[in-house]
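Chemist: There's a structure below that I have some questions on.
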Amino acid sequence: MTDASTRGEGARERLMAEAAKRILISDGAFGTQIQNRKLEEKDYAGDLGLTADQKGNNDILALTRPDVIEDITRAYFDAGSDIVATNTFSANRISQADYNAEDKVEAINVESARIACELAQEYAGKDGRPRFVAGAIGPTNKTLSLSPDVEDPGYREITFDHLVDVYHEQAAALVKGGADFILIETVFDTLNAKAGIFAVKKLEREVGHEVPIMMSMTLTDLSGRNLSGHTVEAFWHSVRHAKPVTIGLNCSFGAEQLRPHVQLLAKLADTLVMVYPNAGLPNELGEYDEAPETTAELVSKWATNGNVNILGGCCGSTPEHIAAMARAVDGLAPRTLAEAKPAMRLAGLEPFEIAA
């Protein structure tokens, strides 16, 4: 099995070297592709003997139908992806409790990372171009910043320490499986993200080398805030101390609606900017109709304007979307990292800067 000792060390430097050459391509949505397979409950459940209905538990397919996850990952590599994420968005103890599958968390993450890493090595071996694996960690279905009870604003369903433990368990398993990075994605609550950062820093001390973090915020309204109220700039100020190898935006809206926020982040971040929007906005049935060429044209404008280093897709995106993006940005220069001038930068819901 691939492990951290053979992939994890030096991952930041390898990614930065490739990103200096060209705009890199990440993958697209797994959920859309899994839904297209029309799987039945027995496909999800396999022979694990779990007591709850597993249909819809996409993460557990790494154990029960690894061929499905391998096929989807392979399709994204074929489409031109330099980076693929593991199919582990909800592979944490909190989310898996909905399926009574908490005891499968480690196995799901290790196996999902192993599948992605073996394919990354296979494709890199074909043409000598490095491929990378991001261990995906979703936000869970709990929030540290907000109360779920309107009658009790101080109530929280979980504690910060508990969420750190949940994230640590998942991150450790992803690194054990060989993931190059930990991708803390779809951040709707900045405090949840901070728990993820804390967990990864704890893991670094245990494994004895850096575990690079990728960080991706999701906006919940067109004003450019996440659910906990932070603007893009305030979010960056809140997480910059973690020295993420990438900072960016995902999910939220389509590329057209994300444009001004991508432009702002590009001016701020002294690290790589990675953006992977939804394939437009969903229709009245919750489906995504935006054609691959349309998405590619929109994101290529970001590339032309020097706003991005890595591009991919989120909800509704397919290998065809990724292939269209790869063609659209081929030969375009990658974004130049912003230079951070010394200053004290703080953030509540709004950014605050004290100039030197």
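We label chains A, B, ... in the order they appear in the structure tokens, count residues from 1 in each chain, and number ligands from 1 in the order shown.
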Among segment 141-334 of chain A, which ones does DSSP assign to alpha helix (DSSP H) (computed from the backbone)? Answer as a ChimeraX atom specification.
Modeler: /A:160-176,190-207,232-239,255-268,292-304,319-329
Chemist: Find the residue from A:Arg37, A:His261, A:Lys21, A:Arg12 that sits nearest to Asp71 of chain A; use only C-alpha atoms when measuring.
Modeler: A:Arg37
Chemist: Between A:Asp59, A:Glu297, A:Glu320, A:Glu353, single out the one closest to Gly28 of chain A, counting only C-alpha atoms.
Modeler: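 With only C-alpha atoms as the atom set, the closest residue is A:Glu320.
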Chemist: As a list of chain:residue names, please: the residues near Leu48 of chain A (cut-off 10 Å, only C-alpha atoms, same-chain neighbours under 5 positions excluded).
Modeler: A:Ile60, A:Leu63, A:Thr64, A:Ala101, A:Lys104
Chemist: Ranking A:Leu203, A:Leu119, A:Leu332, A:Leu249 by minimum distance to Arg225 of chain A and counting only C-alpha atoms, which one comes first?
Modeler: A:Leu249
Chemist: Just to confirm, what's the straight-line distance from atom CA of Asp330 of chain A to atom CA of Leu24 of chain A in Å (one decimal)?
Modeler: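 Between these atoms lies a distance of 9.3 Å.
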Chemist: Identify all residues of segment 27-275 of chain A in strand (DSSP E) (DSSP on the backbone) and supply them as JSON, numbers by chain.
Modeler: {"A": [83, 84, 85, 132, 133, 134, 135, 136, 137, 181, 182, 183, 184, 185, 186, 187, 213, 214, 215, 216, 217, 246, 247, 248, 249, 250, 251, 252, 253, 254, 272, 273, 274, 275]}
